[in-house]
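Structure data (compact mmCIF, N, CA and C atoms and all ligand atoms) from upload.txt:
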# COMPACT_ATOMS: atom_id res chain seq x y z
N MET A 9 0.84 -1.21 0.00
CA MET A 9 0.00 0.00 0.00
C MET A 9 0.86 1.24 0.00
N ALA A 10 0.55 2.16 -0.88
CA ALA A 10 1.36 3.38 -1.03
C ALA A 10 1.15 4.31 0.16
N PRO A 11 2.20 5.07 0.49
CA PRO A 11 2.03 6.05 1.57
C PRO A 11 1.07 7.16 1.14
N LEU A 12 0.54 7.86 2.13
CA LEU A 12 -0.32 8.99 1.81
C LEU A 12 0.54 10.10 1.23
N GLU A 13 0.02 10.74 0.22
CA GLU A 13 0.77 11.83 -0.39
C GLU A 13 0.00 13.13 -0.32
N TRP A 14 0.75 14.19 -0.06
CA TRP A 14 0.15 15.51 -0.05
C TRP A 14 -0.31 15.85 -1.47
N LYS A 15 -1.48 16.43 -1.57
CA LYS A 15 -1.96 16.88 -2.88
C LYS A 15 -2.34 18.35 -2.77
N ASP A 16 -2.14 19.08 -3.86
CA ASP A 16 -2.47 20.51 -3.84
C ASP A 16 -3.93 20.75 -3.50
N SER A 17 -4.77 19.79 -3.86
CA SER A 17 -6.21 19.96 -3.58
C SER A 17 -6.50 19.94 -2.07
N TYR A 18 -5.52 19.52 -1.23
CA TYR A 18 -5.71 19.51 0.23
C TYR A 18 -5.48 20.90 0.81
N SER A 19 -4.93 21.80 0.01
CA SER A 19 -4.55 23.11 0.53
C SER A 19 -5.74 23.89 1.06
N VAL A 20 -5.54 24.54 2.22
CA VAL A 20 -6.59 25.39 2.79
C VAL A 20 -6.30 26.85 2.47
N GLY A 21 -5.25 27.10 1.69
CA GLY A 21 -4.93 28.46 1.28
C GLY A 21 -4.06 29.24 2.25
N VAL A 22 -3.61 28.58 3.31
CA VAL A 22 -2.70 29.23 4.27
C VAL A 22 -1.48 28.32 4.39
N ALA A 23 -0.32 28.84 3.96
CA ALA A 23 0.88 27.99 3.86
C ALA A 23 1.25 27.32 5.18
N ALA A 24 1.20 28.07 6.28
CA ALA A 24 1.61 27.51 7.57
C ALA A 24 0.69 26.37 8.01
N VAL A 25 -0.59 26.50 7.72
CA VAL A 25 -1.54 25.44 8.08
C VAL A 25 -1.31 24.22 7.19
N ASP A 26 -1.09 24.47 5.90
CA ASP A 26 -0.79 23.36 4.99
C ASP A 26 0.45 22.61 5.46
N HIS A 27 1.43 23.35 5.93
CA HIS A 27 2.65 22.74 6.42
C HIS A 27 2.36 21.83 7.62
N GLU A 28 1.53 22.29 8.53
CA GLU A 28 1.15 21.46 9.69
C GLU A 28 0.42 20.21 9.25
N HIS A 29 -0.45 20.37 8.28
CA HIS A 29 -1.19 19.21 7.78
C HIS A 29 -0.24 18.20 7.11
N GLN A 30 0.76 18.73 6.42
CA GLN A 30 1.75 17.84 5.80
C GLN A 30 2.51 17.06 6.86
N GLU A 31 2.82 17.72 7.97
CA GLU A 31 3.53 17.03 9.05
C GLU A 31 2.67 15.91 9.64
N LEU A 32 1.37 16.13 9.71
CA LEU A 32 0.47 15.07 10.22
C LEU A 32 0.47 13.88 9.25
N ILE A 33 0.45 14.19 7.98
CA ILE A 33 0.49 13.11 6.97
C ILE A 33 1.80 12.33 7.09
N ASP A 34 2.91 13.04 7.32
CA ASP A 34 4.20 12.35 7.49
C ASP A 34 4.16 11.40 8.68
N LEU A 35 3.51 11.83 9.76
CA LEU A 35 3.43 10.97 10.95
C LEU A 35 2.55 9.75 10.69
N VAL A 36 1.48 9.95 9.94
CA VAL A 36 0.63 8.81 9.56
C VAL A 36 1.47 7.80 8.77
N ASN A 37 2.30 8.33 7.87
CA ASN A 37 3.14 7.45 7.06
C ASN A 37 4.18 6.71 7.91
N ARG A 38 4.68 7.37 8.94
CA ARG A 38 5.63 6.68 9.83
C ARG A 38 4.96 5.51 10.52
N LEU A 39 3.73 5.73 10.97
CA LEU A 39 2.98 4.66 11.62
C LEU A 39 2.70 3.52 10.63
N HIS A 40 2.32 3.93 9.45
CA HIS A 40 2.05 3.00 8.37
C HIS A 40 3.25 2.09 8.11
N VAL A 41 4.43 2.71 8.01
CA VAL A 41 5.67 1.96 7.76
C VAL A 41 5.96 1.00 8.92
N ALA A 42 5.78 1.49 10.16
CA ALA A 42 6.05 0.65 11.33
C ALA A 42 5.11 -0.56 11.37
N LEU A 43 3.84 -0.33 11.04
CA LEU A 43 2.86 -1.42 11.04
C LEU A 43 3.18 -2.43 9.94
N GLU A 44 3.47 -1.90 8.76
CA GLU A 44 3.70 -2.77 7.61
C GLU A 44 4.96 -3.61 7.78
N ALA A 45 5.97 -3.02 8.46
CA ALA A 45 7.23 -3.73 8.65
C ALA A 45 7.14 -4.73 9.81
N GLY A 46 5.98 -4.76 10.48
CA GLY A 46 5.84 -5.69 11.60
C GLY A 46 6.78 -5.37 12.75
N LYS A 47 7.01 -4.09 12.99
CA LYS A 47 7.88 -3.66 14.09
C LYS A 47 7.30 -4.14 15.43
N PRO A 48 8.17 -4.24 16.45
CA PRO A 48 7.68 -4.67 17.77
C PRO A 48 6.56 -3.75 18.26
N ALA A 49 5.62 -4.35 18.99
CA ALA A 49 4.45 -3.61 19.47
C ALA A 49 4.84 -2.34 20.21
N GLU A 50 5.91 -2.43 20.98
CA GLU A 50 6.38 -1.29 21.76
C GLU A 50 6.71 -0.10 20.85
N GLU A 51 7.37 -0.41 19.76
CA GLU A 51 7.76 0.65 18.82
C GLU A 51 6.54 1.23 18.09
N VAL A 52 5.65 0.34 17.69
CA VAL A 52 4.43 0.80 17.01
C VAL A 52 3.62 1.69 17.97
N SER A 53 3.53 1.28 19.22
CA SER A 53 2.79 2.07 20.21
C SER A 53 3.39 3.46 20.37
N ARG A 54 4.70 3.53 20.32
CA ARG A 54 5.37 4.82 20.48
C ARG A 54 5.07 5.73 19.28
N VAL A 55 5.15 5.17 18.09
CA VAL A 55 4.86 5.96 16.88
C VAL A 55 3.39 6.39 16.90
N PHE A 56 2.54 5.46 17.31
CA PHE A 56 1.13 5.78 17.41
C PHE A 56 0.91 6.94 18.40
N GLY A 57 1.61 6.89 19.52
CA GLY A 57 1.51 7.94 20.54
C GLY A 57 1.94 9.30 19.98
N ASP A 58 3.02 9.30 19.21
CA ASP A 58 3.51 10.56 18.59
C ASP A 58 2.44 11.14 17.66
N LEU A 59 1.85 10.27 16.86
CA LEU A 59 0.83 10.70 15.91
C LEU A 59 -0.39 11.24 16.66
N PHE A 60 -0.81 10.49 17.65
CA PHE A 60 -2.01 10.88 18.39
C PHE A 60 -1.81 12.23 19.09
N ARG A 61 -0.65 12.42 19.67
CA ARG A 61 -0.35 13.70 20.35
C ARG A 61 -0.32 14.86 19.36
N ALA A 62 0.33 14.65 18.23
CA ALA A 62 0.44 15.73 17.23
C ALA A 62 -0.93 16.11 16.69
N ILE A 63 -1.75 15.11 16.42
CA ILE A 63 -3.08 15.38 15.89
C ILE A 63 -3.94 16.07 16.96
N SER A 64 -3.88 15.57 18.18
CA SER A 64 -4.67 16.18 19.26
C SER A 64 -4.28 17.63 19.47
N ALA A 65 -2.98 17.91 19.44
CA ALA A 65 -2.50 19.29 19.64
C ALA A 65 -2.98 20.20 18.52
N HIS A 66 -2.92 19.70 17.30
CA HIS A 66 -3.37 20.49 16.15
C HIS A 66 -4.87 20.78 16.26
N PHE A 67 -5.64 19.78 16.62
CA PHE A 67 -7.09 19.94 16.75
C PHE A 67 -7.41 20.92 17.88
N ALA A 68 -6.71 20.79 18.99
CA ALA A 68 -6.97 21.66 20.14
C ALA A 68 -6.72 23.12 19.77
N LEU A 69 -5.66 23.33 19.01
CA LEU A 69 -5.31 24.69 18.57
C LEU A 69 -6.44 25.25 17.68
N GLU A 70 -6.88 24.46 16.74
CA GLU A 70 -7.96 24.90 15.84
C GLU A 70 -9.24 25.18 16.61
N GLU A 71 -9.54 24.31 17.57
CA GLU A 71 -10.79 24.47 18.32
C GLU A 71 -10.75 25.71 19.20
N ARG A 72 -9.59 26.00 19.78
CA ARG A 72 -9.46 27.21 20.60
C ARG A 72 -9.60 28.45 19.71
N PHE A 73 -8.93 28.38 18.57
CA PHE A 73 -8.97 29.48 17.60
C PHE A 73 -10.42 29.76 17.16
N MET A 74 -11.17 28.71 16.90
CA MET A 74 -12.57 28.87 16.46
C MET A 74 -13.40 29.51 17.57
N ARG A 75 -13.18 29.05 18.81
CA ARG A 75 -13.96 29.59 19.94
C ARG A 75 -13.63 31.05 20.17
N GLU A 76 -12.34 31.37 20.11
CA GLU A 76 -11.91 32.76 20.34
C GLU A 76 -12.53 33.72 19.33
N HIS A 77 -12.80 33.21 18.14
CA HIS A 77 -13.36 34.06 17.09
C HIS A 77 -14.86 33.87 16.92
N GLY A 78 -15.48 33.12 17.82
CA GLY A 78 -16.92 32.90 17.72
C GLY A 78 -17.33 32.28 16.39
N TYR A 79 -16.49 31.39 15.91
CA TYR A 79 -16.78 30.70 14.63
C TYR A 79 -18.12 29.98 14.70
N ASP A 80 -18.88 30.06 13.60
CA ASP A 80 -20.25 29.54 13.63
C ASP A 80 -20.38 28.02 13.53
N GLN A 81 -19.29 27.32 13.16
CA GLN A 81 -19.43 25.86 13.03
C GLN A 81 -18.46 25.08 13.92
N VAL A 82 -18.23 25.62 15.11
CA VAL A 82 -17.29 24.96 16.04
C VAL A 82 -17.72 23.52 16.32
N GLU A 83 -19.00 23.32 16.63
CA GLU A 83 -19.44 21.99 17.04
C GLU A 83 -19.32 20.96 15.93
N GLN A 84 -19.74 21.34 14.72
CA GLN A 84 -19.63 20.40 13.59
C GLN A 84 -18.17 20.07 13.30
N HIS A 85 -17.33 21.11 13.36
CA HIS A 85 -15.91 20.92 13.07
C HIS A 85 -15.27 20.01 14.12
N LYS A 86 -15.58 20.31 15.39
CA LYS A 86 -15.03 19.53 16.49
C LYS A 86 -15.51 18.07 16.40
N ALA A 87 -16.76 17.87 16.02
CA ALA A 87 -17.30 16.50 15.90
C ALA A 87 -16.51 15.70 14.87
N ASP A 88 -16.11 16.36 13.80
CA ASP A 88 -15.34 15.65 12.77
C ASP A 88 -13.94 15.30 13.30
N HIS A 89 -13.35 16.20 14.09
CA HIS A 89 -12.06 15.88 14.74
C HIS A 89 -12.23 14.64 15.63
N GLU A 90 -13.30 14.63 16.44
CA GLU A 90 -13.52 13.52 17.38
C GLU A 90 -13.67 12.19 16.63
N ARG A 91 -14.29 12.28 15.47
CA ARG A 91 -14.50 11.07 14.67
C ARG A 91 -13.16 10.43 14.29
N LEU A 92 -12.20 11.25 13.88
CA LEU A 92 -10.90 10.70 13.50
C LEU A 92 -10.17 10.14 14.73
N LEU A 93 -10.22 10.87 15.85
CA LEU A 93 -9.54 10.40 17.06
C LEU A 93 -10.13 9.06 17.52
N ASP A 94 -11.45 8.92 17.45
CA ASP A 94 -12.09 7.65 17.81
C ASP A 94 -11.61 6.52 16.90
N GLU A 95 -11.56 6.84 15.63
CA GLU A 95 -11.13 5.85 14.65
C GLU A 95 -9.69 5.40 14.92
N LEU A 96 -8.82 6.37 15.22
CA LEU A 96 -7.43 6.03 15.51
C LEU A 96 -7.32 5.17 16.77
N ARG A 97 -8.13 5.51 17.78
CA ARG A 97 -8.12 4.71 19.01
C ARG A 97 -8.56 3.27 18.72
N ASP A 98 -9.60 3.12 17.90
CA ASP A 98 -10.07 1.78 17.53
C ASP A 98 -8.99 0.97 16.83
N ILE A 99 -8.31 1.62 15.89
CA ILE A 99 -7.27 0.92 15.14
C ILE A 99 -6.15 0.47 16.08
N MET A 100 -5.80 1.35 17.02
CA MET A 100 -4.75 1.01 17.97
C MET A 100 -5.18 -0.13 18.89
N ASP A 101 -6.43 -0.09 19.36
CA ASP A 101 -6.93 -1.16 20.23
C ASP A 101 -6.92 -2.49 19.50
N GLU A 102 -7.34 -2.44 18.26
CA GLU A 102 -7.38 -3.64 17.43
C GLU A 102 -5.97 -4.23 17.30
N PHE A 103 -5.04 -3.33 17.06
CA PHE A 103 -3.64 -3.74 16.92
C PHE A 103 -3.13 -4.38 18.21
N LEU A 104 -3.41 -3.74 19.35
CA LEU A 104 -2.91 -4.26 20.63
C LEU A 104 -3.59 -5.57 21.01
N ASP A 105 -4.86 -5.73 20.67
CA ASP A 105 -5.57 -6.98 20.94
C ASP A 105 -4.96 -8.15 20.19
N GLY A 106 -4.51 -7.87 18.97
CA GLY A 106 -3.95 -8.93 18.14
C GLY A 106 -2.53 -9.29 18.55
N ASP A 107 -2.03 -8.59 19.56
CA ASP A 107 -0.64 -8.77 19.96
C ASP A 107 -0.55 -9.68 21.18
N SER A 108 -0.11 -10.93 20.98
CA SER A 108 0.04 -11.82 22.13
C SER A 108 1.49 -12.22 22.31
N ASP A 109 2.30 -12.04 21.28
CA ASP A 109 3.69 -12.51 21.35
C ASP A 109 4.71 -11.37 21.42
N GLY A 110 4.22 -10.14 21.63
CA GLY A 110 5.15 -9.02 21.75
C GLY A 110 5.54 -8.39 20.43
N ALA A 111 5.14 -9.04 19.34
CA ALA A 111 5.41 -8.45 18.01
C ALA A 111 4.08 -7.99 17.42
N SER A 112 4.15 -7.03 16.52
CA SER A 112 2.90 -6.58 15.91
C SER A 112 2.37 -7.69 15.01
N ASN A 113 1.06 -7.70 14.79
CA ASN A 113 0.47 -8.85 14.10
C ASN A 113 0.85 -8.95 12.61
N GLY A 114 1.09 -7.79 12.01
CA GLY A 114 1.63 -7.81 10.66
C GLY A 114 0.74 -8.46 9.61
N ASP A 115 -0.57 -8.60 9.90
CA ASP A 115 -1.43 -9.23 8.90
C ASP A 115 -1.95 -8.24 7.87
N GLY A 116 -1.58 -6.99 8.07
CA GLY A 116 -1.96 -6.00 7.08
C GLY A 116 -3.32 -5.37 7.30
N ALA A 117 -4.16 -5.98 8.14
CA ALA A 117 -5.51 -5.45 8.33
C ALA A 117 -5.48 -4.05 8.95
N SER A 118 -4.67 -3.87 9.98
CA SER A 118 -4.57 -2.56 10.63
C SER A 118 -4.01 -1.52 9.67
N VAL A 119 -3.03 -1.95 8.88
CA VAL A 119 -2.39 -1.02 7.94
C VAL A 119 -3.40 -0.55 6.90
N GLU A 120 -4.13 -1.50 6.35
CA GLU A 120 -5.12 -1.17 5.33
C GLU A 120 -6.18 -0.22 5.88
N ARG A 121 -6.63 -0.55 7.07
CA ARG A 121 -7.70 0.25 7.67
C ARG A 121 -7.19 1.63 8.01
N LEU A 122 -6.00 1.69 8.56
CA LEU A 122 -5.40 2.98 8.90
C LEU A 122 -5.30 3.85 7.66
N ALA A 123 -4.69 3.30 6.61
CA ALA A 123 -4.47 4.08 5.40
C ALA A 123 -5.78 4.54 4.78
N ALA A 124 -6.72 3.62 4.66
CA ALA A 124 -7.98 3.96 4.00
C ALA A 124 -8.78 4.98 4.79
N SER A 125 -8.93 4.76 6.09
CA SER A 125 -9.80 5.66 6.85
C SER A 125 -9.15 7.01 7.08
N VAL A 126 -7.85 7.02 7.34
CA VAL A 126 -7.18 8.29 7.60
C VAL A 126 -7.09 9.13 6.33
N GLU A 127 -6.80 8.50 5.23
CA GLU A 127 -6.70 9.27 3.99
C GLU A 127 -8.06 9.87 3.62
N ALA A 128 -9.10 9.05 3.72
CA ALA A 128 -10.45 9.54 3.41
C ALA A 128 -10.80 10.71 4.32
N TRP A 129 -10.45 10.56 5.59
CA TRP A 129 -10.78 11.62 6.54
C TRP A 129 -10.03 12.91 6.19
N PHE A 130 -8.73 12.80 6.02
CA PHE A 130 -7.91 13.99 5.72
C PHE A 130 -8.42 14.71 4.48
N VAL A 131 -8.65 13.94 3.43
CA VAL A 131 -9.08 14.55 2.17
C VAL A 131 -10.36 15.36 2.41
N ASN A 132 -11.33 14.72 3.06
CA ASN A 132 -12.60 15.41 3.28
C ASN A 132 -12.50 16.55 4.27
N HIS A 133 -11.80 16.31 5.35
CA HIS A 133 -11.72 17.34 6.39
C HIS A 133 -10.96 18.58 5.91
N PHE A 134 -9.83 18.38 5.28
CA PHE A 134 -9.03 19.52 4.79
C PHE A 134 -9.84 20.34 3.78
N LYS A 135 -10.52 19.62 2.88
CA LYS A 135 -11.24 20.30 1.80
C LYS A 135 -12.51 20.99 2.26
N THR A 136 -13.09 20.51 3.34
CA THR A 136 -14.37 21.08 3.77
C THR A 136 -14.20 21.93 5.03
N HIS A 137 -14.11 21.28 6.18
CA HIS A 137 -14.04 22.01 7.46
C HIS A 137 -12.86 22.97 7.56
N ASP A 138 -11.66 22.46 7.26
CA ASP A 138 -10.49 23.33 7.41
C ASP A 138 -10.45 24.43 6.35
N ALA A 139 -10.86 24.09 5.12
CA ALA A 139 -10.85 25.11 4.06
C ALA A 139 -11.83 26.23 4.41
N ARG A 140 -12.99 25.87 4.93
CA ARG A 140 -13.99 26.88 5.30
C ARG A 140 -13.47 27.75 6.46
N LEU A 141 -12.96 27.06 7.48
CA LEU A 141 -12.44 27.78 8.65
C LEU A 141 -11.37 28.79 8.25
N HIS A 142 -10.38 28.35 7.48
CA HIS A 142 -9.26 29.23 7.18
C HIS A 142 -9.60 30.27 6.11
N SER A 143 -10.61 30.00 5.30
CA SER A 143 -10.98 31.04 4.35
C SER A 143 -11.73 32.16 5.08
N ARG A 144 -12.38 31.82 6.19
CA ARG A 144 -13.09 32.87 6.95
C ARG A 144 -12.21 33.58 7.95
N LEU A 145 -11.38 32.79 8.65
CA LEU A 145 -10.60 33.39 9.75
C LEU A 145 -9.11 33.53 9.48
N GLY A 146 -8.64 33.00 8.36
CA GLY A 146 -7.21 33.08 8.05
C GLY A 146 -6.39 32.13 8.87
N ASP A 147 -5.21 32.55 9.22
CA ASP A 147 -4.25 31.71 9.91
C ASP A 147 -4.54 31.66 11.41
N HIS A 148 -4.20 30.52 12.03
CA HIS A 148 -4.26 30.48 13.50
C HIS A 148 -2.84 30.52 14.05
N PRO A 149 -2.67 30.88 15.33
CA PRO A 149 -1.32 30.93 15.88
C PRO A 149 -0.73 29.52 15.94
N HIS A 150 0.57 29.39 15.75
CA HIS A 150 1.19 28.05 15.73
C HIS A 150 2.00 27.77 16.97
FE FE B 201 -6.40 21.28 10.49
FE FE B 202 -9.88 20.83 11.53
Output the structure of this file as C-alpha cells.
Ligand SMILES: [Fe+2]
Ligand SMILES: [Fe+2]
Amino acid sequence: MAPLEWKDSYSVGVAAVDHEHQELIDLVNRLHVALEAGKPAEEVSRVFGDLFRAISAHFALEERFMREHGYDQVEQHKADHERLLDELRDIMDEFLDGDSDGASNGDGASVERLAASVEAWFVNHFKTHDARLHSRLGDHPH
C-alpha cells in the first residue's frame, strides 16, 4: 500500500496550516511503515503515541482558535475531529488486541484500515471544514 501523499487539492490556502497538515500526513506514514514492517508492538505504540499527540495538539489549537473568534461551526468541526480520534483509538486497540507474542500482528488489516480511513478523513476534512475555517478566519497561531 502506497504512503499517503500531499496533494495541492488539500490546501486550505494558508501555507503555515498546509505545512502542519503535511507534518500530520508524514506521521501517519511513519505509523504505516512501522505497522507494515511488523515492528515490535512497543515501537508501534510509540509511533502511534507521537501521531495521536500531534493530531490532538493540532485539533486543540484549531478548536481554541474557532472559539476565540466565535466561529459559527465549532461543534460540527469539532465533531469531525472527534470522529478521527475515535477511529485512531479503535485501530490502535485492534492492533494491541492482536498482539500476544510481543510483536505486531503484521497481517496488514490494521495497515489497510489505517491508510484507508485516515486518507479519506484527511481529504474530506481539509477540503471542507479546514478550508472553510481558514478562508473565513485566516491563519491560526502556531
Ligand atoms: Fe487542520
Ligand atoms: Fe480541523
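Summary of the local environment: counting all atoms listed in the file, residues at most 7 Å from Lys135 (chain A), other than itself and those fewer than 3 positions away along its chain, are Ser17, Tyr18, Ser19, Val20, Phe130, Val131, Asn132, Asp138, Ala139 and Arg140 of chain A.
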Handout entry: Shell of 7 Å around ligand FE 202 (chain B) (only N, CA and C atoms and all ligand atoms), written as a list in words
Key =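 Counting only N, CA and C atoms and all ligand atoms, the residues within 7 Å of ligand FE 202 (chain B) come out as His66, Phe67, Glu70, Glu71, His85, Lys86, His89, His133, Phe134, His137 and Asp138 of chain A.
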Problem - Nearest to Tyr79 (chain A), chosen from A:Ala24, A:Leu145, A:Leu43, A:Ala10, with only C-alpha atoms counted in the distances - result: A:Leu145
Problem - Top pick for closest residue to ligand FE 201 (chain B), considering A:Pro149, A:His29, A:Glu13, A:Glu127 and counting all atoms listed in the file - result: A:His29
Problem - d(CA of Ala42 (chain A), CA of Val55 (chain A)) in Å - result: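 A separation of 7.8 Å between them.
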Handout entry: Given all atoms listed in the file as the counted atoms, nearest of A:Leu59, A:Leu96, A:Ala124, A:Val119 to Val41 (chain A)
Key = A:Val119
Exercise for the section: Provide the CA of Glu102 (chain A) to atom FE of ligand FE 201 (chain B) distance in Å, to one decimal place. Expected result: 25.9 Å
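Interatomic distance, atom C of Glu76 (chain A) against CA of Leu35 (chain A): 29.0 Å.
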Practice task
Between A:Asp88, A:Glu83, A:Glu95, A:Glu44, single out the one closest to ligand FE 201 (chain B), counting only C-alpha atoms and all ligand atoms.
Solution key: A:Asp88
